[in-house]
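Peer 1: Okay, handing you the structure first.
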There are 2 protein chains.
Amino acid sequence: MTAPKKPQTLPRKKAQQARSVATVEALLEATTRILVREGYDRASTNRIAEAAGTSVGSLYQYFPSKEALVAELIERHIAQESLLMLAKIEAGAQLSAPQMLQEFISFVIQLYGRNKPLRKVFIEQVPKIGKMQRVWTIENEIGEKLCGSLFAAAGRSEEPKTAMQQFVLIKTIMGVIRAATLQKPQNLDHELLALELSAMLIHYLNLE
Amino acid sequence: MTAPKKPQTLPRKKAQQARSVATVEALLEATTRILVREGYDRASTNRIAEAAGTSVGSLYQYFPSKEALVAELIERHIAQESLLMLAKIEAGAQLSAPQMLQEFISFVIQLYGRNKPLRKVFIEQVPKIGKMQRVWTIENEIGEKLCGSLFAAAGRSEEPKTAMQQFVLIKTIMGVIRAATLQKPQNLDHELLALELSAMLIHYLNLE
DNA sequence: ACAGGATATGAGTCTTCGCTCACATTTTCT
DNA sequence: AGAAAATGTGAGCGAAGACTCATATCCTGT
């Protein structure tokens, strides 16, 4: 009879004074620490509050649930990294298409090499927290922008870019890099990977 | 102070009589149903036992934990699908390399289109249950076999296949298909996707 | 037929955890 | 200074669920 209730992830109230902002930040930092050290399941609200040096009560003033806490963390993480990627694309505007793509891929590989344990937790929790849609939206955005910049670099700005091209481009990159990062086969040179991937995709897009 | 204990996933005892084998099967089937209908978190051992028409006690005779139950389900799922993929590769042995690859990709897309809800649960739980290594091992196996067959079909059996080639080949395929399946952009034609992906990879492998 | 192993049962124990609330403290504003 | 608003506290309630165990039933071999 009970409808399947998804946990609310909207912040309960906004912090106004500096002191409460500090509390919220402390909570988020503590959540990160506990997530990495203990994993999602062992991260209880009580434990998080204690680690943050506050109380459960305070936690529930700002976050309606543990999921909300993690959702906020994921949101910040996604937002930050997508900004970095978009910036990287802009920064390579004067390069040739192959170089631009190769540098972008190298950059993402290096990005994914950082913070492995936390990233692992996020990857596991993104679906449960319902952040998949958000990730996809941003990935598509990046794919679109990257595709546009590549065509521009090859002097073919006018040509239409199909949804398929953008999709294959960004999903190939992210899919392969995710695999390379998580699975980490040590005998796989990252520079070479970036080179081969970009060559393959440049040819796929007819941009050499 | 407590060491992070991973839940044991080895079967507690093996069923010997026909009756107990039936119990185990019933438990696994019930787990599947509940997983699909209620999701992982709401699937409690009590509920599973009830749905299977047995008792919790019986469940714990054969599975030391809920994780063990799901691990067994995932194991069967992985094993079954990898067999299908390997069979598909063998079945295409007389085709040209491009055709073989295209048909393989189409096959995997169609495979991933089935059982979406259950597959979603599995994808979410594979990391937590510790089955990632197993998935990777099998994916690499498939990549190796596929790569070999493609080279053979192009009359280049003798040429060495690098680890990089196998890696890019299989991870591109699986990564893109996973994205296409989960994200399901409806304006993306699956046949066309298979065609473009295979063309791209055939060129990457220098097999046209 | 009967012993002994295999299997089944499910009420109950124990633990964990999410979350509330009555109350205390701090900050802000006039 | 004093009132009102914002913020902080943590013991404890209630729910949920993982897992056990004493007991009962079934099966197999002799």
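FYI, nothing fancy with the structure tokens labels: chains A, B, ... in order, residues from 1 per chain, ligands from 1 as they appear.
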I'd like a table as JSON lines: residues in chain A with an atom no more than 9 Å from chain C, each row giving the shortest atom pair and its distance in Å to one decimal, only C-alpha atoms (C1' of nucleotides) counted, sorted by chain and rising residue number.
Peer 2:
```
{"residue": "A:Gln17", "atom": "CA", "partner": "C:DT27", "partner_atom": "C1'", "distance": 8.3}
{"residue": "A:Ser44", "atom": "CA", "partner": "C:DC17", "partner_atom": "C1'", "distance": 6.9}
{"residue": "A:Thr45", "atom": "CA", "partner": "C:DG18", "partner_atom": "C1'", "distance": 7.6}
{"residue": "A:Asn46", "atom": "CA", "partner": "C:DC17", "partner_atom": "C1'", "distance": 8.3}
{"residue": "A:Val56", "atom": "CA", "partner": "C:DC19", "partner_atom": "C1'", "distance": 8.7}
{"residue": "A:Gly57", "atom": "CA", "partner": "C:DT20", "partner_atom": "C1'", "distance": 8.5}
{"residue": "A:Tyr60", "atom": "CA", "partner": "C:DC19", "partner_atom": "C1'", "distance": 8.0}
{"residue": "A:Ser65", "atom": "CA", "partner": "C:DG18", "partner_atom": "C1'", "distance": 8.1}
{"residue": "A:Lys66", "atom": "CA", "partner": "C:DG18", "partner_atom": "C1'", "distance": 8.8}
```
Peer 1: Can I get the selected residues back with N, CA and C atoms, as a PDB file, in the first residue's frame?
Peer 2:
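Result saved to part-v1.pdb:
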```
ATOM      1  N   GLN A  17      23.687  32.739   8.877  1.00  0.00           N
ATOM      2  CA  GLN A  17      24.817  33.333   9.575  1.00  0.00           C
ATOM      3  C   GLN A  17      26.097  32.579   9.229  1.00  0.00           C
ATOM      4  N   SER A  44      26.607   6.775   8.924  1.00  0.00           N
ATOM      5  CA  SER A  44      25.306   7.120   9.489  1.00  0.00           C
ATOM      6  C   SER A  44      25.279   8.598   9.838  1.00  0.00           C
ATOM      7  N   THR A  45      24.090   9.126   9.937  1.00  0.00           N
ATOM      8  CA  THR A  45      23.964  10.553  10.237  1.00  0.00           C
ATOM      9  C   THR A  45      24.595  10.896  11.582  1.00  0.00           C
ATOM     10  N   ASN A  46      24.438  10.015  12.537  1.00  0.00           N
ATOM     11  CA  ASN A  46      25.038  10.255  13.845  1.00  0.00           C
ATOM     12  C   ASN A  46      26.557  10.347  13.746  1.00  0.00           C
ATOM     13  N   VAL A  56      23.490  15.682  15.570  1.00  0.00           N
ATOM     14  CA  VAL A  56      22.514  15.228  14.577  1.00  0.00           C
ATOM     15  C   VAL A  56      21.456  16.279  14.334  1.00  0.00           C
ATOM     16  N   GLY A  57      21.016  16.887  15.404  1.00  0.00           N
ATOM     17  CA  GLY A  57      19.985  17.920  15.294  1.00  0.00           C
ATOM     18  C   GLY A  57      20.358  18.967  14.265  1.00  0.00           C
ATOM     19  N   TYR A  60      20.108  17.798  10.703  1.00  0.00           N
ATOM     20  CA  TYR A  60      18.753  17.750  10.154  1.00  0.00           C
ATOM     21  C   TYR A  60      18.136  19.132   9.974  1.00  0.00           C
ATOM     22  N   SER A  65      18.034  14.352   4.947  1.00  0.00           N
ATOM     23  CA  SER A  65      18.405  12.945   4.961  1.00  0.00           C
ATOM     24  C   SER A  65      19.875  12.780   4.615  1.00  0.00           C
ATOM     25  N   LYS A  66      20.348  11.612   4.845  1.00  0.00           N
ATOM     26  CA  LYS A  66      21.715  11.279   4.472  1.00  0.00           C
ATOM     27  C   LYS A  66      21.893  11.409   2.957  1.00  0.00           C
TER      28      LYS A  66
END
```
Peer 1: Write out chain B, as a PDB file with C-alpha atoms, in the first residue's frame, after superposing it onto chain A by least squares using every C-alpha atom paired in order.
Peer 2:
```pdb
ATOM      1  CA  MET B   1       0.368  -0.487  -0.380  1.00  0.00           C
ATOM      2  CA  THR B   2       3.055   1.980   0.560  1.00  0.00           C
ATOM      3  CA  ALA B   3       4.205   3.981  -2.407  1.00  0.00           C
ATOM      4  CA  PRO B   4       7.956   3.690  -2.886  1.00  0.00           C
ATOM      5  CA  LYS B   5       9.096   6.906  -1.297  1.00  0.00           C
ATOM      6  CA  LYS B   6      12.267   8.405  -2.628  1.00  0.00           C
ATOM      7  CA  PRO B   7      14.219  10.179   0.011  1.00  0.00           C
ATOM      8  CA  GLN B   8      13.927  13.913  -0.232  1.00  0.00           C
ATOM      9  CA  THR B   9      17.183  15.527  -1.252  1.00  0.00           C
ATOM     10  CA  LEU B  10      16.293  19.184  -1.187  1.00  0.00           C
ATOM     11  CA  PRO B  11      17.969  21.200   1.548  1.00  0.00           C
ATOM     12  CA  ARG B  12      15.645  21.756   4.453  1.00  0.00           C
ATOM     13  CA  LYS B  13      16.560  25.330   5.188  1.00  0.00           C
ATOM     14  CA  LYS B  14      19.303  27.634   4.061  1.00  0.00           C
ATOM     15  CA  ALA B  15      22.054  28.708   6.372  1.00  0.00           C
ATOM     16  CA  GLN B  16      22.010  32.431   6.915  1.00  0.00           C
ATOM     17  CA  GLN B  17      24.551  33.360   9.513  1.00  0.00           C
ATOM     18  CA  ALA B  18      28.263  32.741   9.067  1.00  0.00           C
ATOM     19  CA  ARG B  19      28.225  30.269  11.918  1.00  0.00           C
ATOM     20  CA  SER B  20      25.664  28.016  10.310  1.00  0.00           C
ATOM     21  CA  VAL B  21      27.362  28.186   6.926  1.00  0.00           C
ATOM     22  CA  ALA B  22      30.426  26.871   8.691  1.00  0.00           C
ATOM     23  CA  THR B  23      28.368  24.071  10.172  1.00  0.00           C
ATOM     24  CA  VAL B  24      27.084  23.057   6.757  1.00  0.00           C
ATOM     25  CA  GLU B  25      30.583  23.082   5.310  1.00  0.00           C
ATOM     26  CA  ALA B  26      31.889  21.067   8.232  1.00  0.00           C
ATOM     27  CA  LEU B  27      29.125  18.528   7.692  1.00  0.00           C
ATOM     28  CA  LEU B  28      29.956  18.176   4.014  1.00  0.00           C
ATOM     29  CA  GLU B  29      33.654  17.816   4.700  1.00  0.00           C
ATOM     30  CA  ALA B  30      33.017  15.247   7.392  1.00  0.00           C
ATOM     31  CA  THR B  31      30.759  13.335   5.038  1.00  0.00           C
ATOM     32  CA  THR B  32      33.529  13.242   2.461  1.00  0.00           C
ATOM     33  CA  ARG B  33      36.020  11.932   5.002  1.00  0.00           C
ATOM     34  CA  ILE B  34      33.696   9.262   6.317  1.00  0.00           C
ATOM     35  CA  LEU B  35      32.581   8.226   2.867  1.00  0.00           C
ATOM     36  CA  VAL B  36      36.186   7.648   1.853  1.00  0.00           C
ATOM     37  CA  ARG B  37      37.268   5.983   5.060  1.00  0.00           C
ATOM     38  CA  GLU B  38      34.219   3.901   5.886  1.00  0.00           C
ATOM     39  CA  GLY B  39      32.133   3.669   2.755  1.00  0.00           C
ATOM     40  CA  TYR B  40      28.543   4.658   2.181  1.00  0.00           C
ATOM     41  CA  ASP B  41      26.843   2.024   4.266  1.00  0.00           C
ATOM     42  CA  ARG B  42      28.833   2.668   7.407  1.00  0.00           C
ATOM     43  CA  ALA B  43      28.358   6.414   7.122  1.00  0.00           C
ATOM     44  CA  SER B  44      25.537   7.110   9.556  1.00  0.00           C
ATOM     45  CA  THR B  45      24.146  10.534  10.272  1.00  0.00           C
ATOM     46  CA  ASN B  46      25.246  10.260  13.885  1.00  0.00           C
ATOM     47  CA  ARG B  47      28.782   9.444  12.874  1.00  0.00           C
ATOM     48  CA  ILE B  48      28.883  12.253  10.334  1.00  0.00           C
ATOM     49  CA  ALA B  49      27.616  14.814  12.819  1.00  0.00           C
ATOM     50  CA  GLU B  50      30.163  13.695  15.378  1.00  0.00           C
ATOM     51  CA  ALA B  51      32.999  13.833  12.862  1.00  0.00           C
ATOM     52  CA  ALA B  52      31.897  17.313  11.858  1.00  0.00           C
ATOM     53  CA  GLY B  53      31.995  18.412  15.462  1.00  0.00           C
ATOM     54  CA  THR B  54      28.278  19.143  15.578  1.00  0.00           C
ATOM     55  CA  SER B  55      25.166  17.249  16.515  1.00  0.00           C
ATOM     56  CA  VAL B  56      22.622  15.215  14.600  1.00  0.00           C
ATOM     57  CA  GLY B  57      20.061  17.869  15.301  1.00  0.00           C
ATOM     58  CA  SER B  58      22.065  20.442  13.412  1.00  0.00           C
ATOM     59  CA  LEU B  59      22.525  18.033  10.544  1.00  0.00           C
ATOM     60  CA  TYR B  60      18.787  17.638  10.183  1.00  0.00           C
ATOM     61  CA  GLN B  61      18.311  21.376  10.232  1.00  0.00           C
ATOM     62  CA  TYR B  62      19.977  21.591   6.845  1.00  0.00           C
ATOM     63  CA  PHE B  63      19.700  18.151   5.314  1.00  0.00           C
ATOM     64  CA  PRO B  64      16.521  16.092   5.438  1.00  0.00           C
ATOM     65  CA  SER B  65      18.427  12.851   5.017  1.00  0.00           C
ATOM     66  CA  LYS B  66      21.753  11.235   4.516  1.00  0.00           C
ATOM     67  CA  GLU B  67      20.982  11.045   0.810  1.00  0.00           C
ATOM     68  CA  ALA B  68      20.576  14.806   0.662  1.00  0.00           C
ATOM     69  CA  LEU B  69      24.037  15.222   2.104  1.00  0.00           C
ATOM     70  CA  VAL B  70      25.577  12.949  -0.470  1.00  0.00           C
ATOM     71  CA  ALA B  71      23.502  14.506  -3.234  1.00  0.00           C
ATOM     72  CA  GLU B  72      24.912  17.904  -2.426  1.00  0.00           C
ATOM     73  CA  LEU B  73      28.433  16.499  -2.440  1.00  0.00           C
ATOM     74  CA  ILE B  74      27.879  14.846  -5.800  1.00  0.00           C
ATOM     75  CA  GLU B  75      26.333  17.986  -7.201  1.00  0.00           C
ATOM     76  CA  ARG B  76      29.353  20.045  -6.234  1.00  0.00           C
ATOM     77  CA  HIS B  77      31.691  17.437  -7.611  1.00  0.00           C
ATOM     78  CA  ILE B  78      29.913  17.243 -10.944  1.00  0.00           C
ATOM     79  CA  ALA B  79      29.667  20.990 -11.276  1.00  0.00           C
ATOM     80  CA  GLN B  80      33.320  21.517 -10.502  1.00  0.00           C
ATOM     81  CA  GLU B  81      34.664  18.908 -12.861  1.00  0.00           C
ATOM     82  CA  SER B  82      32.403  19.902 -15.726  1.00  0.00           C
ATOM     83  CA  LEU B  83      33.668  23.458 -15.379  1.00  0.00           C
ATOM     84  CA  LEU B  84      37.227  22.199 -15.583  1.00  0.00           C
ATOM     85  CA  MET B  85      36.468  20.233 -18.720  1.00  0.00           C
ATOM     86  CA  LEU B  86      34.693  23.110 -20.411  1.00  0.00           C
ATOM     87  CA  ALA B  87      37.583  25.406 -19.516  1.00  0.00           C
ATOM     88  CA  LYS B  88      40.017  22.914 -20.983  1.00  0.00           C
ATOM     89  CA  ILE B  89      38.087  22.947 -24.234  1.00  0.00           C
ATOM     90  CA  GLU B  90      38.172  26.723 -24.404  1.00  0.00           C
ATOM     91  CA  ALA B  91      41.857  26.805 -23.565  1.00  0.00           C
ATOM     92  CA  GLY B  92      42.641  24.616 -26.560  1.00  0.00           C
ATOM     93  CA  ALA B  93      40.759  26.742 -29.054  1.00  0.00           C
ATOM     94  CA  GLN B  94      43.841  27.657 -31.061  1.00  0.00           C
ATOM     95  CA  LEU B  95      45.061  24.088 -31.464  1.00  0.00           C
ATOM     96  CA  SER B  96      44.479  21.764 -34.379  1.00  0.00           C
ATOM     97  CA  ALA B  97      41.559  19.385 -34.013  1.00  0.00           C
ATOM     98  CA  PRO B  98      43.679  16.276 -33.375  1.00  0.00           C
ATOM     99  CA  GLN B  99      45.847  18.053 -30.823  1.00  0.00           C
ATOM    100  CA  MET B 100      42.883  19.579 -29.112  1.00  0.00           C
ATOM    101  CA  LEU B 101      41.148  16.269 -28.751  1.00  0.00           C
ATOM    102  CA  GLN B 102      44.259  14.509 -27.588  1.00  0.00           C
ATOM    103  CA  GLU B 103      44.907  17.114 -24.945  1.00  0.00           C
ATOM    104  CA  PHE B 104      41.321  17.017 -23.790  1.00  0.00           C
ATOM    105  CA  ILE B 105      41.415  13.263 -23.392  1.00  0.00           C
ATOM    106  CA  SER B 106      44.720  13.402 -21.542  1.00  0.00           C
ATOM    107  CA  PHE B 107      43.235  15.995 -19.268  1.00  0.00           C
ATOM    108  CA  VAL B 108      40.206  13.894 -18.433  1.00  0.00           C
ATOM    109  CA  ILE B 109      42.364  10.844 -17.795  1.00  0.00           C
ATOM    110  CA  GLN B 110      44.469  12.841 -15.393  1.00  0.00           C
ATOM    111  CA  LEU B 111      41.328  14.253 -13.799  1.00  0.00           C
ATOM    112  CA  TYR B 112      39.916  10.800 -13.262  1.00  0.00           C
ATOM    113  CA  GLY B 113      43.182   9.673 -11.745  1.00  0.00           C
ATOM    114  CA  ARG B 114      42.649  11.985  -8.790  1.00  0.00           C
ATOM    115  CA  ASN B 115      40.534  11.189  -5.757  1.00  0.00           C
ATOM    116  CA  LYS B 116      39.972   7.600  -6.776  1.00  0.00           C
ATOM    117  CA  PRO B 117      38.340   6.396  -3.539  1.00  0.00           C
ATOM    118  CA  LEU B 118      35.861   9.249  -3.358  1.00  0.00           C
ATOM    119  CA  ARG B 119      35.112   8.946  -7.050  1.00  0.00           C
ATOM    120  CA  LYS B 120      34.395   5.266  -6.529  1.00  0.00           C
ATOM    121  CA  VAL B 121      31.818   6.064  -3.865  1.00  0.00           C
ATOM    122  CA  PHE B 122      30.231   8.680  -6.095  1.00  0.00           C
ATOM    123  CA  ILE B 123      30.017   6.354  -9.078  1.00  0.00           C
ATOM    124  CA  GLU B 124      28.293   3.787  -6.907  1.00  0.00           C
ATOM    125  CA  GLN B 125      25.854   6.253  -5.382  1.00  0.00           C
ATOM    126  CA  VAL B 126      24.962   8.410  -8.369  1.00  0.00           C
ATOM    127  CA  PRO B 127      22.217   6.048  -9.570  1.00  0.00           C
ATOM    128  CA  LYS B 128      20.740   5.511  -6.133  1.00  0.00           C
ATOM    129  CA  ILE B 129      20.702   9.225  -5.341  1.00  0.00           C
ATOM    130  CA  GLY B 130      19.015   9.942  -8.646  1.00  0.00           C
ATOM    131  CA  LYS B 131      21.791  12.065 -10.076  1.00  0.00           C
ATOM    132  CA  MET B 132      22.120  10.078 -13.287  1.00  0.00           C
ATOM    133  CA  GLN B 133      20.034  12.521 -15.280  1.00  0.00           C
ATOM    134  CA  ARG B 134      22.198  15.381 -14.124  1.00  0.00           C
ATOM    135  CA  VAL B 135      25.397  13.586 -15.131  1.00  0.00           C
ATOM    136  CA  TRP B 136      23.979  12.810 -18.548  1.00  0.00           C
ATOM    137  CA  THR B 137      22.837  16.335 -19.137  1.00  0.00           C
ATOM    138  CA  ILE B 138      26.272  17.678 -18.358  1.00  0.00           C
ATOM    139  CA  GLU B 139      28.045  15.023 -20.390  1.00  0.00           C
ATOM    140  CA  ASN B 140      25.897  15.870 -23.369  1.00  0.00           C
ATOM    141  CA  GLU B 141      26.685  19.523 -22.906  1.00  0.00           C
ATOM    142  CA  ILE B 142      30.379  18.781 -22.910  1.00  0.00           C
ATOM    143  CA  GLY B 143      29.998  16.535 -25.923  1.00  0.00           C
ATOM    144  CA  GLU B 144      28.241  19.276 -27.811  1.00  0.00           C
ATOM    145  CA  LYS B 145      30.798  21.894 -26.946  1.00  0.00           C
ATOM    146  CA  LEU B 146      33.737  19.613 -27.685  1.00  0.00           C
ATOM    147  CA  CYS B 147      32.274  18.568 -30.998  1.00  0.00           C
ATOM    148  CA  GLY B 148      31.698  22.171 -31.952  1.00  0.00           C
ATOM    149  CA  SER B 149      35.214  23.209 -31.046  1.00  0.00           C
ATOM    150  CA  LEU B 150      36.707  20.322 -32.983  1.00  0.00           C
ATOM    151  CA  PHE B 151      34.790  21.215 -36.121  1.00  0.00           C
ATOM    152  CA  ALA B 152      35.764  24.833 -35.705  1.00  0.00           C
ATOM    153  CA  ALA B 153      39.415  23.914 -35.306  1.00  0.00           C
ATOM    154  CA  ALA B 154      39.218  22.024 -38.567  1.00  0.00           C
ATOM    155  CA  GLY B 155      37.691  25.022 -40.291  1.00  0.00           C
ATOM    156  CA  ARG B 156      34.322  23.389 -40.681  1.00  0.00           C
ATOM    157  CA  SER B 157      32.224  25.415 -38.285  1.00  0.00           C
ATOM    158  CA  GLU B 158      29.297  25.539 -40.666  1.00  0.00           C
ATOM    159  CA  GLU B 159      28.877  21.793 -41.014  1.00  0.00           C
ATOM    160  CA  PRO B 160      26.062  20.336 -38.951  1.00  0.00           C
ATOM    161  CA  LYS B 161      27.060  18.034 -36.116  1.00  0.00           C
ATOM    162  CA  THR B 162      24.683  15.139 -35.671  1.00  0.00           C
ATOM    163  CA  ALA B 163      23.431  13.992 -32.296  1.00  0.00           C
ATOM    164  CA  MET B 164      24.991  10.646 -33.092  1.00  0.00           C
ATOM    165  CA  GLN B 165      28.419  12.155 -33.547  1.00  0.00           C
ATOM    166  CA  GLN B 166      28.236  14.008 -30.276  1.00  0.00           C
ATOM    167  CA  PHE B 167      26.968  10.919 -28.522  1.00  0.00           C
ATOM    168  CA  VAL B 168      29.628   8.565 -29.829  1.00  0.00           C
ATOM    169  CA  LEU B 169      32.342  11.119 -29.214  1.00  0.00           C
ATOM    170  CA  ILE B 170      31.613  11.853 -25.594  1.00  0.00           C
ATOM    171  CA  LYS B 171      30.457   8.384 -24.574  1.00  0.00           C
ATOM    172  CA  THR B 172      33.486   6.717 -26.093  1.00  0.00           C
ATOM    173  CA  ILE B 173      35.788   9.074 -24.261  1.00  0.00           C
ATOM    174  CA  MET B 174      34.044   8.839 -20.922  1.00  0.00           C
ATOM    175  CA  GLY B 175      33.314   5.132 -21.165  1.00  0.00           C
ATOM    176  CA  VAL B 176      36.855   4.135 -21.993  1.00  0.00           C
ATOM    177  CA  ILE B 177      38.401   6.467 -19.457  1.00  0.00           C
ATOM    178  CA  ARG B 178      36.079   5.280 -16.708  1.00  0.00           C
ATOM    179  CA  ALA B 179      37.088   1.727 -17.482  1.00  0.00           C
ATOM    180  CA  ALA B 180      40.773   2.596 -17.619  1.00  0.00           C
ATOM    181  CA  THR B 181      40.565   4.400 -14.302  1.00  0.00           C
ATOM    182  CA  LEU B 182      38.534   1.941 -12.299  1.00  0.00           C
ATOM    183  CA  GLN B 183      39.952  -1.227 -13.743  1.00  0.00           C
ATOM    184  CA  LYS B 184      43.438   0.274 -13.932  1.00  0.00           C
ATOM    185  CA  PRO B 185      45.328  -2.228 -16.034  1.00  0.00           C
ATOM    186  CA  GLN B 186      48.859  -1.135 -15.141  1.00  0.00           C
ATOM    187  CA  ASN B 187      50.337  -2.130 -18.469  1.00  0.00           C
ATOM    188  CA  LEU B 188      48.256   0.495 -20.252  1.00  0.00           C
ATOM    189  CA  ASP B 189      50.073   3.709 -21.050  1.00  0.00           C
ATOM    190  CA  HIS B 190      47.786   6.680 -20.528  1.00  0.00           C
ATOM    191  CA  GLU B 191      49.489   8.912 -23.059  1.00  0.00           C
ATOM    192  CA  LEU B 192      49.232   6.248 -25.703  1.00  0.00           C
ATOM    193  CA  LEU B 193      45.595   5.675 -24.834  1.00  0.00           C
ATOM    194  CA  ALA B 194      44.855   9.361 -25.332  1.00  0.00           C
ATOM    195  CA  LEU B 195      46.704   9.293 -28.636  1.00  0.00           C
ATOM    196  CA  GLU B 196      44.921   6.274 -30.036  1.00  0.00           C
ATOM    197  CA  LEU B 197      41.501   7.324 -28.804  1.00  0.00           C
ATOM    198  CA  SER B 198      41.820  10.787 -30.275  1.00  0.00           C
ATOM    199  CA  ALA B 199      43.113   9.479 -33.592  1.00  0.00           C
ATOM    200  CA  MET B 200      40.202   7.072 -33.787  1.00  0.00           C
ATOM    201  CA  LEU B 201      37.625   9.734 -33.003  1.00  0.00           C
ATOM    202  CA  ILE B 202      39.150  12.340 -35.289  1.00  0.00           C
ATOM    203  CA  HIS B 203      38.858   9.909 -38.149  1.00  0.00           C
ATOM    204  CA  TYR B 204      35.336   9.026 -37.117  1.00  0.00           C
ATOM    205  CA  LEU B 205      34.428  12.691 -37.320  1.00  0.00           C
ATOM    206  CA  ASN B 206      36.264  13.111 -40.635  1.00  0.00           C
ATOM    207  CA  LEU B 207      38.451  15.851 -39.249  1.00  0.00           C
ATOM    208  CA  GLU B 208      41.999  14.994 -40.178  1.00  0.00           C
TER     209      GLU B 208
END
```
Peer 1: Pull out every residue of chain D that has at least one atom within 10 Å of chain B, counting only C-alpha atoms (C1' of nucleotides), and report them as number ranges by chain.
Peer 2: D: 16-21, 26-28
Peer 1: May I have all residues of chain B that DSSP, computed from the backbone, assigns to alpha helix (DSSP H), given as a PyMOL selection string?
Peer 2: chain B and resi 18-38+45-52+56-62+66-91+97-112+116-129+132-153+163-183+190-204
